[in-house]
>>> print(open('model.txt').read())   # compact mmCIF, C-alpha atoms and all ligand atoms
# COMPACT_ATOMS: atom_id res chain seq x y z
CA MET A 8 0.00 0.00 0.00
CA ASN A 9 1.29 3.46 -0.87
CA PRO A 10 2.04 5.14 2.51
CA ASN A 11 1.06 8.53 1.05
CA HIS A 12 -2.49 7.40 0.44
CA SER A 13 -4.89 8.01 3.29
CA VAL A 14 -6.92 4.99 4.29
CA LEU A 15 -10.43 6.39 4.29
CA PRO A 16 -10.84 8.30 1.05
CA ILE A 17 -14.47 9.29 1.50
CA PRO A 18 -16.35 8.98 4.77
CA ALA A 19 -18.49 5.82 4.60
CA VAL A 20 -21.80 7.46 5.37
CA PRO A 21 -21.07 11.15 5.35
CA THR A 22 -23.84 13.38 6.53
CA MET A 23 -24.23 17.10 6.05
CA ASN A 24 -26.20 19.63 8.03
CA SER A 25 -29.48 18.58 6.49
CA GLY A 26 -29.06 15.06 7.87
CA ARG A 27 -29.32 13.65 4.37
CA GLU A 28 -26.77 11.06 3.30
CA ARG A 29 -23.99 12.17 1.00
CA LEU A 30 -23.98 10.79 -2.53
CA THR A 31 -20.47 10.36 -3.90
CA ILE A 32 -20.04 11.92 -7.34
CA LEU A 33 -17.45 10.14 -9.46
CA ASP A 34 -16.82 12.18 -12.57
CA THR A 35 -15.65 10.27 -15.62
CA THR A 36 -15.51 13.12 -18.15
CA LEU A 37 -11.76 12.52 -18.51
CA ARG A 38 -12.05 8.74 -18.93
CA ASP A 39 -15.37 7.49 -20.37
CA GLY A 40 -15.97 10.95 -21.87
CA GLU A 41 -12.51 11.33 -23.30
CA GLN A 42 -12.46 7.86 -24.86
CA ALA A 43 -15.55 8.57 -27.01
CA PRO A 44 -15.01 9.40 -30.69
CA GLY A 45 -14.37 13.12 -31.18
CA PHE A 46 -13.66 13.83 -27.49
CA SER A 47 -9.98 12.99 -27.32
CA MET A 48 -8.09 15.49 -25.12
CA THR A 49 -4.48 16.51 -24.72
CA GLY A 50 -2.84 16.24 -21.31
CA GLU A 51 -3.03 20.02 -20.96
CA VAL A 52 -6.77 20.07 -21.65
CA LYS A 53 -7.30 17.22 -19.21
CA LEU A 54 -5.46 19.13 -16.50
CA ARG A 55 -7.59 22.24 -17.07
CA ILE A 56 -10.78 20.22 -16.84
CA ALA A 57 -9.53 18.33 -13.78
CA ARG A 58 -8.91 21.65 -12.01
CA ALA A 59 -12.44 22.78 -12.91
CA LEU A 60 -13.90 19.51 -11.63
CA ALA A 61 -12.05 19.95 -8.34
CA GLU A 62 -13.46 23.49 -8.06
CA LEU A 63 -16.90 22.12 -8.85
CA GLY A 64 -16.59 19.83 -5.83
CA VAL A 65 -16.80 16.35 -7.33
CA ASP A 66 -15.60 13.65 -4.93
CA VAL A 67 -13.70 11.42 -7.35
CA ILE A 68 -12.13 12.34 -10.68
CA GLU A 69 -11.64 9.31 -12.92
CA ALA A 70 -8.90 10.98 -14.88
CA GLY A 71 -7.95 8.22 -17.29
CA PHE A 72 -6.92 4.64 -17.89
CA ALA A 73 -3.19 4.50 -17.16
CA ALA A 74 -2.42 1.25 -18.97
CA THR A 75 -3.90 2.32 -22.31
CA SER A 76 -1.06 4.61 -23.38
CA PRO A 77 2.01 6.40 -22.04
CA ALA A 78 0.18 9.69 -22.73
CA ASP A 79 -2.74 8.63 -20.55
CA GLU A 80 -0.38 7.52 -17.78
CA GLU A 81 1.46 10.84 -17.95
CA ALA A 82 -1.75 12.90 -17.89
CA LEU A 83 -2.90 10.94 -14.83
CA ARG A 84 0.47 11.48 -13.15
CA ILE A 85 0.26 15.24 -13.61
CA ILE A 86 -3.39 15.44 -12.49
CA ALA A 87 -2.59 13.26 -9.46
CA GLN A 88 0.16 15.66 -8.44
CA GLU A 89 -1.39 18.99 -9.39
CA VAL A 90 -5.04 18.37 -8.50
CA GLY A 91 -4.83 15.46 -6.08
CA GLY A 92 -1.61 16.26 -4.28
CA GLY A 93 -3.00 18.52 -1.54
CA PHE A 94 -4.70 17.80 1.78
CA THR A 95 -8.10 18.69 0.41
CA GLY A 96 -9.49 17.98 -3.00
CA PRO A 97 -10.87 15.01 -4.85
CA VAL A 98 -9.77 11.41 -5.00
CA ILE A 99 -7.97 10.76 -8.29
CA CYS A 100 -8.82 7.48 -9.97
CA SER A 101 -7.53 5.36 -12.84
CA LEU A 102 -9.41 2.61 -14.58
CA ALA A 103 -7.66 -0.79 -14.85
CA ARG A 104 -8.54 -4.15 -16.33
CA ALA A 105 -8.46 -7.07 -13.93
CA ASN A 106 -4.75 -7.81 -14.33
CA GLU A 107 -1.54 -6.93 -12.49
CA ARG A 108 -0.03 -4.94 -15.36
CA ASP A 109 -2.95 -2.48 -15.52
CA ILE A 110 -3.14 -2.12 -11.75
CA ARG A 111 0.60 -1.46 -11.50
CA ALA A 112 0.32 1.20 -14.23
CA ALA A 113 -2.46 2.87 -12.23
CA ALA A 114 -0.34 2.77 -9.06
CA ARG A 115 2.63 4.37 -10.88
CA ALA A 116 0.46 7.09 -12.36
CA LEU A 117 -1.31 7.90 -9.11
CA ALA A 118 1.69 7.80 -6.77
CA GLY A 119 1.56 11.59 -6.34
CA ALA A 120 -2.09 11.73 -5.27
CA ARG A 121 -2.93 12.11 -1.63
CA ARG A 122 -6.08 10.04 -2.14
CA ALA A 123 -5.92 7.60 -5.02
CA ARG A 124 -8.34 4.99 -6.27
CA VAL A 125 -7.97 2.17 -8.73
CA HIS A 126 -11.13 1.12 -10.56
CA VAL A 127 -10.77 -2.53 -11.56
CA PHE A 128 -13.23 -3.99 -14.04
CA ILE A 129 -14.02 -7.21 -15.84
CA SER A 130 -17.00 -8.18 -17.98
CA THR A 131 -19.51 -10.49 -16.36
CA SER A 132 -22.44 -10.91 -18.79
CA PRO A 133 -22.71 -14.22 -20.71
CA LEU A 134 -22.30 -12.36 -24.02
CA HIS A 135 -19.16 -10.53 -22.92
CA ARG A 136 -17.72 -13.63 -21.27
CA ARG A 137 -18.12 -15.61 -24.47
CA ALA A 138 -17.54 -13.04 -27.23
CA LYS A 139 -15.01 -10.74 -25.60
CA LEU A 140 -13.13 -12.67 -22.96
CA GLY A 141 -13.49 -16.32 -23.96
CA MET A 142 -13.73 -17.11 -20.26
CA SER A 143 -16.11 -19.23 -18.23
CA ALA A 144 -18.09 -17.75 -15.35
CA ALA A 145 -15.78 -19.47 -12.87
CA GLU A 146 -12.71 -17.98 -14.56
CA VAL A 147 -14.23 -14.49 -14.46
CA LEU A 148 -15.04 -14.89 -10.77
CA LYS A 149 -11.47 -15.96 -10.00
CA ALA A 150 -9.92 -13.18 -12.09
CA ALA A 151 -12.08 -10.55 -10.39
CA SER A 152 -11.21 -11.77 -6.92
CA GLU A 153 -7.48 -12.05 -7.61
CA ALA A 154 -7.30 -8.66 -9.30
CA VAL A 155 -9.09 -6.93 -6.42
CA SER A 156 -6.79 -8.65 -3.89
CA PHE A 157 -3.76 -7.49 -5.81
CA ALA A 158 -5.20 -3.96 -6.15
CA CYS A 159 -5.71 -3.85 -2.37
CA SER A 160 -2.00 -4.52 -1.89
CA LEU A 161 -1.23 -1.24 -3.71
CA PHE A 162 -4.28 0.95 -2.97
CA ALA A 163 -6.32 1.82 0.10
CA ASP A 164 -9.29 2.60 -2.11
CA VAL A 165 -10.39 -0.03 -4.63
CA GLU A 166 -13.52 0.09 -6.77
CA PHE A 167 -14.71 -2.97 -8.65
CA SER A 168 -16.98 -2.91 -11.72
CA ALA A 169 -18.74 -5.80 -13.37
CA GLU A 170 -18.86 -4.58 -16.95
CA ASP A 171 -22.27 -5.20 -18.55
CA ALA A 172 -23.63 -5.96 -15.08
CA ILE A 173 -27.19 -5.28 -16.11
CA ARG A 174 -27.18 -8.12 -18.66
CA THR A 175 -25.51 -10.52 -16.24
CA GLU A 176 -27.35 -13.42 -14.58
CA PRO A 177 -28.46 -11.96 -11.21
CA GLU A 178 -27.10 -14.84 -9.13
CA PHE A 179 -23.70 -14.76 -10.84
CA LEU A 180 -23.55 -10.97 -10.55
CA ALA A 181 -24.17 -11.22 -6.81
CA GLU A 182 -21.46 -13.89 -6.47
CA VAL A 183 -18.92 -11.72 -8.31
CA MET A 184 -19.81 -8.73 -6.13
CA GLU A 185 -19.45 -10.82 -2.98
CA ALA A 186 -16.08 -12.09 -4.16
CA ALA A 187 -14.90 -8.53 -4.90
CA ALA A 188 -16.10 -7.31 -1.50
CA GLU A 189 -14.41 -10.25 0.24
CA ALA A 190 -11.20 -9.44 -1.61
CA GLY A 191 -11.35 -5.85 -0.31
CA ALA A 192 -13.20 -3.67 -2.82
CA ARG A 193 -15.13 -0.97 -1.00
CA THR A 194 -17.05 0.47 -3.94
CA LEU A 195 -19.04 -1.99 -6.04
CA ASN A 196 -20.19 -0.60 -9.36
CA LEU A 197 -22.98 -2.12 -11.46
CA PRO A 198 -22.67 -0.52 -14.90
CA ASP A 199 -25.43 -0.44 -17.46
CA THR A 200 -22.69 -0.57 -20.06
CA VAL A 201 -24.96 -0.51 -23.09
CA GLY A 202 -27.76 1.71 -21.76
CA TYR A 203 -30.31 -1.10 -21.90
CA ALA A 204 -31.98 -0.89 -18.50
CA THR A 205 -35.17 0.89 -17.50
CA PRO A 206 -35.52 2.82 -14.24
CA GLU A 207 -37.80 0.11 -12.81
CA GLU A 208 -35.19 -2.56 -13.56
CA MET A 209 -32.41 -0.47 -12.05
CA PHE A 210 -34.43 0.02 -8.90
CA ALA A 211 -35.05 -3.73 -8.64
CA ILE A 212 -31.42 -4.72 -9.33
CA PHE A 213 -29.97 -2.25 -6.83
CA SER A 214 -32.58 -3.13 -4.19
CA ALA A 215 -31.77 -6.83 -4.52
CA MET A 216 -28.02 -6.23 -4.46
CA ARG A 217 -28.31 -4.01 -1.43
CA ALA A 218 -30.40 -6.57 0.45
CA ARG A 219 -27.90 -9.30 -0.39
CA LEU A 220 -24.61 -7.45 0.23
CA MET A 221 -25.17 -4.87 2.94
CA PRO A 222 -25.74 -7.25 5.88
CA ARG A 223 -22.42 -9.01 5.13
CA PHE A 224 -20.42 -5.96 4.01
CA PRO A 225 -21.91 -2.97 5.82
CA GLY A 226 -19.16 -0.55 4.76
CA ILE A 227 -19.48 -0.98 1.00
CA VAL A 228 -20.79 1.66 -1.37
CA LEU A 229 -22.99 0.58 -4.29
CA SER A 230 -22.42 2.60 -7.44
CA ALA A 231 -24.31 3.14 -10.71
CA HIS A 232 -22.66 3.85 -14.07
CA CYS A 233 -25.31 4.35 -16.72
CA HIS A 234 -25.05 4.89 -20.45
CA ASP A 235 -27.58 6.85 -22.44
CA ASP A 236 -28.26 4.68 -25.50
CA LEU A 237 -32.01 4.89 -24.89
CA GLY A 238 -31.91 8.31 -23.25
CA MET A 239 -32.39 6.90 -19.74
CA ALA A 240 -28.95 7.32 -18.15
CA VAL A 241 -30.01 10.05 -15.72
CA ALA A 242 -33.32 8.38 -14.85
CA ASN A 243 -31.57 5.04 -14.36
CA SER A 244 -28.85 6.54 -12.14
CA LEU A 245 -31.48 8.26 -10.02
CA ALA A 246 -33.50 5.05 -9.74
CA ALA A 247 -30.34 3.35 -8.44
CA VAL A 248 -29.95 6.14 -5.87
CA ARG A 249 -33.52 5.63 -4.70
CA ALA A 250 -32.68 1.94 -4.23
CA GLY A 251 -29.60 2.68 -2.13
CA ALA A 252 -26.71 3.45 -4.50
CA ARG A 253 -24.44 5.97 -2.79
CA GLN A 254 -22.16 6.72 -5.74
CA ILE A 255 -23.09 7.66 -9.28
CA GLU A 256 -20.65 7.89 -12.18
CA VAL A 257 -21.34 10.89 -14.32
CA SER A 258 -19.77 13.26 -16.80
CA ILE A 259 -20.06 16.91 -17.71
CA ASN A 260 -22.62 17.39 -20.50
CA GLY A 261 -23.11 13.61 -20.35
CA ILE A 262 -20.17 12.90 -22.64
CA GLY A 263 -19.07 9.27 -22.89
CA GLU A 264 -19.12 6.19 -25.09
CA ARG A 265 -21.76 6.29 -27.88
CA ALA A 266 -24.74 8.32 -26.55
CA GLY A 267 -22.74 9.16 -23.44
CA ASN A 268 -23.08 8.79 -19.69
CA CYS A 269 -25.36 10.22 -17.04
CA ALA A 270 -25.00 14.02 -17.21
CA LEU A 271 -23.55 15.33 -13.95
CA GLU A 272 -25.43 18.63 -14.11
CA GLU A 273 -28.80 16.93 -14.63
CA ALA A 274 -28.41 14.31 -11.91
CA VAL A 275 -27.04 16.81 -9.39
CA MET A 276 -29.83 19.32 -10.00
CA ALA A 277 -32.52 16.62 -9.87
CA ILE A 278 -31.16 15.56 -6.48
CA ARG A 279 -31.05 19.14 -5.29
CA THR A 280 -34.45 20.12 -6.66
CA ARG A 281 -36.27 17.00 -5.40
CA PRO A 282 -34.86 16.17 -1.93
CA ASP A 283 -38.29 14.77 -1.13
CA VAL A 284 -37.74 12.03 -3.73
CA PHE A 285 -34.02 11.28 -3.51
CA GLY A 286 -33.17 12.11 0.11
CA VAL A 287 -29.43 12.51 -0.50
CA GLU A 288 -27.14 15.40 -1.23
CA THR A 289 -23.92 16.03 -3.11
CA GLY A 290 -20.90 18.23 -2.47
CA VAL A 291 -21.20 19.89 -5.88
CA GLU A 292 -21.05 23.69 -5.96
CA THR A 293 -23.94 24.05 -8.37
CA THR A 294 -23.28 27.70 -9.23
CA LYS A 295 -20.24 26.46 -11.17
CA LEU A 296 -22.21 24.03 -13.35
CA LEU A 297 -22.74 26.38 -16.29
CA ALA A 298 -19.13 27.54 -16.46
CA THR A 299 -17.84 23.96 -16.23
CA SER A 300 -20.25 22.80 -18.94
CA GLN A 301 -19.21 25.65 -21.22
CA MET A 302 -15.54 24.95 -20.59
CA VAL A 303 -15.87 21.27 -21.51
CA SER A 304 -17.98 22.19 -24.54
CA GLU A 305 -15.37 24.67 -25.78
CA LEU A 306 -12.34 22.49 -25.09
CA THR A 307 -13.91 19.51 -26.88
CA SER A 308 -15.53 21.57 -29.68
CA ALA A 309 -18.85 19.92 -28.82
CA PRO A 310 -21.64 22.50 -28.60
CA VAL A 311 -24.33 22.07 -25.96
CA SER A 312 -27.80 22.06 -27.52
CA ARG A 313 -30.05 25.03 -26.71
CA ASN A 314 -32.66 22.85 -25.09
CA LYS A 315 -30.24 20.83 -22.95
CA ALA A 316 -31.52 20.48 -19.38
CA VAL A 317 -29.93 22.74 -16.76
CA VAL A 318 -27.12 24.28 -18.86
CA GLY A 319 -28.63 24.80 -22.35
CA ALA A 320 -29.14 28.37 -23.58
CA ASN A 321 -32.92 27.91 -23.37
CA ALA A 322 -32.96 26.34 -19.90
CA PHE A 323 -34.08 29.65 -18.37
CA ALA A 324 -35.22 31.54 -21.50
CA HIS A 325 -38.84 32.31 -22.40
CA GLU A 326 -40.34 33.72 -25.56
CA ALA A 327 -44.02 32.73 -25.59
CA GLY A 328 -46.30 35.52 -24.41
CA ILE A 329 -48.19 33.35 -21.92
CA HIS A 330 -44.96 32.13 -20.36
CA GLN A 331 -43.47 35.62 -20.23
CA HIS A 332 -46.60 36.93 -18.53
CA GLY A 333 -46.30 34.15 -15.94
CA MET A 334 -42.60 34.79 -15.43
CA LEU A 335 -43.21 38.50 -14.87
CA ALA A 336 -45.80 37.67 -12.23
CA ASP A 337 -43.79 34.94 -10.48
CA ALA A 338 -40.79 33.08 -11.92
CA ARG A 339 -41.91 29.86 -10.25
CA THR A 340 -44.76 29.62 -12.78
CA TYR A 341 -42.31 28.29 -15.38
CA GLU A 342 -39.03 27.64 -13.57
CA ILE A 343 -38.34 24.92 -11.01
CA MET A 344 -34.74 25.95 -10.37
CA ARG A 345 -33.22 29.38 -9.87
CA PRO A 346 -30.98 30.22 -12.84
CA GLU A 347 -28.42 31.72 -10.45
CA ASP A 348 -28.12 28.35 -8.68
CA VAL A 349 -26.55 26.79 -11.78
CA GLY A 350 -24.53 29.83 -12.81
CA PHE A 351 -26.78 31.86 -15.13
CA ALA A 352 -27.01 35.60 -14.44
CA GLY A 353 -30.80 35.33 -14.46
CA SER A 354 -33.78 34.28 -16.49
CA ARG A 355 -34.06 35.59 -20.01
CA LEU A 356 -37.20 36.91 -21.62
CA VAL A 357 -36.47 36.62 -25.31
CA LEU A 358 -38.50 39.06 -27.36
CA GLY A 359 -39.69 37.54 -30.61
CA ARG A 360 -42.84 36.94 -32.59
CA HIS A 361 -44.33 34.76 -29.82
CA SER A 362 -43.98 37.50 -27.20
CA GLY A 363 -46.95 39.36 -25.80
CA HIS A 364 -47.54 42.94 -24.74
CA HIS A 365 -46.74 42.28 -21.05
CA ALA A 366 -43.15 41.37 -21.79
CA ILE A 367 -42.66 44.07 -24.42
CA ALA A 368 -44.04 46.79 -22.16
CA ALA A 369 -41.95 45.49 -19.23
CA ARG A 370 -38.77 45.52 -21.29
CA ALA A 371 -39.55 48.95 -22.68
CA ALA A 372 -39.99 50.19 -19.10
CA GLU A 373 -36.62 48.69 -18.11
CA LEU A 374 -35.13 50.56 -21.03
CA GLY A 375 -36.68 53.81 -19.79
CA HIS A 376 -39.95 53.94 -21.76
CA GLN A 377 -43.23 53.85 -19.88
CA LEU A 378 -45.54 53.18 -22.79
CA GLY A 379 -49.15 54.28 -22.63
CA SER A 380 -51.73 51.77 -23.87
CA GLY A 381 -51.99 53.46 -27.31
CA GLU A 382 -48.21 53.45 -27.64
CA THR A 383 -48.00 49.82 -26.57
CA SER A 384 -50.39 48.78 -29.35
CA ALA A 385 -48.47 50.78 -31.95
CA VAL A 386 -45.15 49.38 -30.73
CA MET A 387 -46.69 45.88 -30.75
CA THR A 388 -47.74 46.22 -34.39
CA GLU A 389 -44.26 47.33 -35.47
CA PHE A 390 -42.65 44.77 -33.18
CA LYS A 391 -44.58 41.82 -34.67
CA ALA A 392 -43.75 42.89 -38.22
CA ARG A 393 -40.06 43.24 -37.39
CA ALA A 394 -39.99 39.95 -35.44
CA GLU A 395 -41.57 38.12 -38.39
CA ALA A 396 -38.76 39.51 -40.54
CA ILE A 397 -35.70 39.00 -38.32
CA GLY A 398 -36.65 36.67 -35.43
CA GLU A 399 -35.30 37.77 -32.03
CA ILE A 400 -35.71 41.45 -31.16
CA ASP A 401 -32.80 42.63 -29.05
CA ASP A 402 -32.69 45.85 -27.03
CA ALA A 403 -31.32 47.92 -29.90
CA GLU A 404 -34.10 46.73 -32.19
CA LEU A 405 -36.74 47.39 -29.55
CA LEU A 406 -35.42 50.91 -28.94
CA ALA A 407 -35.47 51.58 -32.68
CA ILE A 408 -39.10 50.43 -32.89
CA ILE A 409 -40.06 52.58 -29.89
CA ALA A 410 -38.24 55.58 -31.38
CA ALA A 411 -40.05 55.11 -34.69
CA VAL A 412 -43.40 55.04 -32.89
CA THR A 413 -42.89 57.55 -30.06
CA GLY A 414 -39.82 59.62 -30.89
CA PRO A 415 -36.14 59.34 -29.72
CA ALA A 416 -35.23 57.33 -26.62
CA PRO A 417 -34.11 58.88 -23.30
CA GLU A 418 -30.84 57.75 -21.71
CA ALA A 419 -31.30 54.04 -20.75
CA PRO A 420 -31.05 53.40 -16.98
CA ALA A 421 -29.19 50.43 -15.47
CA MET A 422 -31.14 47.20 -16.07
CA ALA A 423 -32.69 45.15 -13.32
CA GLY A 424 -34.66 41.96 -12.96
CA LEU A 425 -35.28 39.65 -15.92
CA ALA A 426 -32.81 40.32 -18.67
CA ASN A 427 -33.27 40.40 -22.42
CA VAL A 428 -29.63 39.65 -22.96
CA GLY A 429 -27.73 36.63 -24.18
O1 LIG B 501 -19.60 1.30 -19.25
C1 LIG B 501 -18.88 0.59 -18.54
O2 LIG B 501 -19.18 -0.56 -18.22
C2 LIG B 501 -17.61 1.16 -18.11
C3 LIG B 501 -16.86 0.37 -17.07
C4 LIG B 501 -15.45 0.20 -17.47
C5 LIG B 501 -17.04 0.99 -15.74
O3 LIG B 501 -17.25 2.24 -18.50
ZN ZN B 502 -18.95 3.37 -19.35
>>> encode(input="model.txt", output="structure tokens")
Amino acid sequence: MNPNHSVLPIPAVPTMNSGRERLTILDTTLRDGEQAPGFSMTGEVKLRIARALAELGVDVIEAGFAATSPADEEALRIIAQEVGGGFTGPVICSLARANERDIRAAARALAGARRARVHVFISTSPLHRRAKLGMSAAEVLKAASEAVSFACSLFADVEFSAEDAIRTEPEFLAEVMEAAAEAGARTLNLPDTVGYATPEEMFAIFSAMRARLMPRFPGIVLSAHCHDDLGMAVANSLAAVRAGARQIEVSINGIGERAGNCALEEAVMAIRTRPDVFGVETGVETTKLLATSQMVSELTSAPVSRNKAVVGANAFAHEAGIHQHGMLADARTYEIMRPEDVGFAGSRLVLGRHSGHHAIAARAAELGHQLGSGETSAVMTEFKARAEAIGEIDDAELLAIIAAVTGPAPEAPAMAGLANVG
């Protein structure tokens, strides 16, 4: 065991002031995300993102897969030292196949981290055993147990994953998990590797696993790692949490193999917005979500869609007249989160052809024009014609319309409240 590594990387059942249990957030943007086509990152980019993830407050950064290439090992080494070298900060983790060579590569790469984790995996489903590994179930069981034992000789913190767990025979999956726990793994991950599960199935699988393992291994943490092939990664991860998972593996903007992984920002905000349903909390500083999402998007040249939950440009933007009227009366009519809580400056009332007179008059007032009812109708007529022609009406366009209808604008005062800005 590396003497620099502390023995208890994350408190077993951490509680915060609310009394809710802490959910460990393992971020795999730099591993599962980075290995997806089009998302390859240089060591320098990885380091920048790792720093941002540490600032964001994730518990574990899975920063790569040391054995896959010297470049990956080197990037892990630098992140371990620069981001994981201090007394505070996240655990730094490397993925490793269930063999000594991979685990040794992880140990070399992570030697500079104060808290290091190796994440050992082997496929367990009948299809993977036959087509990928050419191994029997008994051989897989033995390899998992031996690899975890060996990993525990080098690391205080060992996670074990049964790749394609969700398509594995339930009894065999439980036996592999028991063997891994007996060998010393403290985090047991059940990945939905191909994004096949439904939330109901995830709930049932995690409930059964919890009932079987927890009485014998009370200190273990069950973990979910969900892919998004059918668009259910977030729902599936949250179903696992409701069934007792206390770690989820996520990535910024949901990047990862094929359709990606569970999006960190969505899962974290669901947990925060619905404590009545999930009953756990995370250490994520949610006001940094938008900036982190934008950083990953820019550094990977992968734009975030406008309608993406939580961090998309439209997440707190409203154009329809009925919605704008509601927002002006009380933002809770159409928003379930505060935009400031995820890093937006505020809600945005976009003026366009769907907007109504309430929003146009309110924006005009913010720009220094108290329109009378006759003026509002005239401005509305011009506004609709212009919006049909050009789409969004920004402040300069609105002022030009008002000037055309009522005469030149006074000096605009400082803006307050809901903004019509990008
Ligand atoms: O999807 C998966 O099964 C994985 C494991 C290696 C954890 O990424
Ligand atoms: Zn994965």
>>> atom_distance(input="model.txt", atom1="atom CA of A:Ile56", atom2="atom CA of A:Arg193")
26.8 Å
>>> residues_around(input="model.txt", residues="A:Ala116", least_positions_apart="4", cutoff="7 Å", atoms="only C-alpha atoms", output="PDB file with C-alpha atoms, in the coordinates of the input")
ATOM      1  CA  ALA A  73      -3.190   4.500 -17.160  1.00  0.00           C
ATOM      2  CA  GLU A  80      -0.380   7.520 -17.780  1.00  0.00           C
ATOM      3  CA  GLU A  81       1.460  10.840 -17.950  1.00  0.00           C
ATOM      4  CA  LEU A  83      -2.900  10.940 -14.830  1.00  0.00           C
ATOM      5  CA  ARG A  84       0.470  11.480 -13.150  1.00  0.00           C
ATOM      6  CA  ALA A 112       0.320   1.200 -14.230  1.00  0.00           C
TER       7      ALA A 112
END
>>> atom_distance(input="model.txt", atom1="atom CA of A:Ala192", atom2="atom CA of A:Glu272")
27.8 Å
>>> axis_aligned_box(input="model.txt", around="stretch 142-145 of chain A", padding_each_side="3 Å", output="AutoDock Vina command-line options")
--center_x -15.9 --center_y -18.3 --center_z -16.6 --size_x 10.4 --size_y 8.4 --size_z 13.4
>>> closest_residue(input="model.txt", among="A:Asp34, A:Glu264, A:Glu41, A:Glu28", to="ligand ZN 502 (chain B)", atoms="only C-alpha atoms and all ligand atoms")
A:Glu264
>>> residues_around(input="model.txt", residues="stretch 64-72 of chain A", least_positions_apart="3", cutoff="8 Å", atoms="all atoms listed in the file", output="PyMOL selection string")
chain A and resi 17+31-38+53+57+60-61+75+79-80+82-83+86+96-103+113+290-292
>>> closest_residue(input="model.txt", among="A:Phe351, A:Glu326, A:Leu358, A:Arg265", to="A:Leu297", atoms="all atoms listed in the file")
A:Phe351
>>> residues_near_ligand(input="model.txt", ligand="ligand ZN 502 (chain B)", cutoff="8 Å", atoms="only C-alpha atoms and all ligand atoms", output="count of residues only")
10
>>> closest_residue(input="model.txt", among="A:Ala240, A:Leu140, A:Ala215, A:Leu134", to="A:Ala266", atoms="only C-alpha atoms")
A:Ala240
>>> residues_around(input="model.txt", residues="A:Ala120", least_positions_apart="2", cutoff="6 Å", atoms="all atoms listed in the file", output="list in words")
Ala87, Gln88, Gly91, Gly92, Leu117, Ala118, Arg122 and Ala123 of chain A
>>> closest_residue(input="model.txt", among="A:Gly50, A:Gly141, A:Gly267, A:Gly26", to="ligand LIG 501 (chain B)", atoms="all atoms listed in the file")
A:Gly267
>>> atom_distance(input="model.txt", atom1="atom CA of A:Ala252", atom2="atom CA of A:Gly286")
11.7 Å
>>> residues_around(input="model.txt", residues="A:Met216", least_positions_apart="6", cutoff="9 Å", atoms="all atoms listed in the file", output="ChimeraX atom specification")
/A:177,180-181,184,229
>>> residues_around(input="model.txt", residues="A:Ala190", least_positions_apart="2", cutoff="7 Å", atoms="all atoms listed in the file", output="VMD selection string")
chain A and resid 152 155 to 156 186 to 188 192
>>> closest_residue(input="model.txt", among="A:Lys149, A:Ile255, A:Ala59, A:Glu51", to="ligand LIG 501 (chain B)", atoms="only C-alpha atoms and all ligand atoms")
A:Ile255
>>> closest_residue(input="model.txt", among="A:Cys269, A:Ile129, A:Ile278, A:Leu306", to="ligand LIG 501 (chain B)", atoms="all atoms listed in the file")
A:Ile129
>>> build_atoms(input="model.txt", residues="stretch 100-107 of chain A", atoms="N, CA, C and O atoms", output="compact mmCIF listing (two decimals), in the frame of the given file")
# COMPACT_ATOMS: atom_id res chain seq x y z
N CYS A 100 -8.58 8.90 -9.68
CA CYS A 100 -8.82 7.48 -9.97
C CYS A 100 -8.36 7.12 -11.38
O CYS A 100 -8.49 7.92 -12.31
N SER A 101 -7.82 5.91 -11.51
CA SER A 101 -7.53 5.36 -12.84
C SER A 101 -8.31 4.06 -13.03
O SER A 101 -8.41 3.25 -12.10
N LEU A 102 -8.80 3.88 -14.22
CA LEU A 102 -9.41 2.61 -14.58
C LEU A 102 -8.31 1.57 -14.80
O LEU A 102 -7.18 1.93 -15.17
N ALA A 103 -8.62 0.30 -14.59
CA ALA A 103 -7.66 -0.79 -14.85
C ALA A 103 -8.43 -2.07 -15.14
O ALA A 103 -9.43 -2.35 -14.49
N ARG A 104 -7.97 -2.82 -16.15
CA ARG A 104 -8.54 -4.15 -16.33
C ARG A 104 -8.09 -5.03 -15.17
O ARG A 104 -7.18 -4.67 -14.42
N ALA A 105 -8.73 -6.19 -15.08
CA ALA A 105 -8.46 -7.07 -13.93
C ALA A 105 -7.16 -7.84 -14.15
O ALA A 105 -7.17 -9.07 -14.28
N ASN A 106 -6.06 -7.13 -14.23
CA ASN A 106 -4.75 -7.81 -14.33
C ASN A 106 -3.68 -6.95 -13.66
O ASN A 106 -3.86 -5.73 -13.48
N GLU A 107 -2.58 -7.61 -13.28
CA GLU A 107 -1.54 -6.93 -12.49
C GLU A 107 -0.90 -5.78 -13.26
O GLU A 107 -0.59 -4.73 -12.70
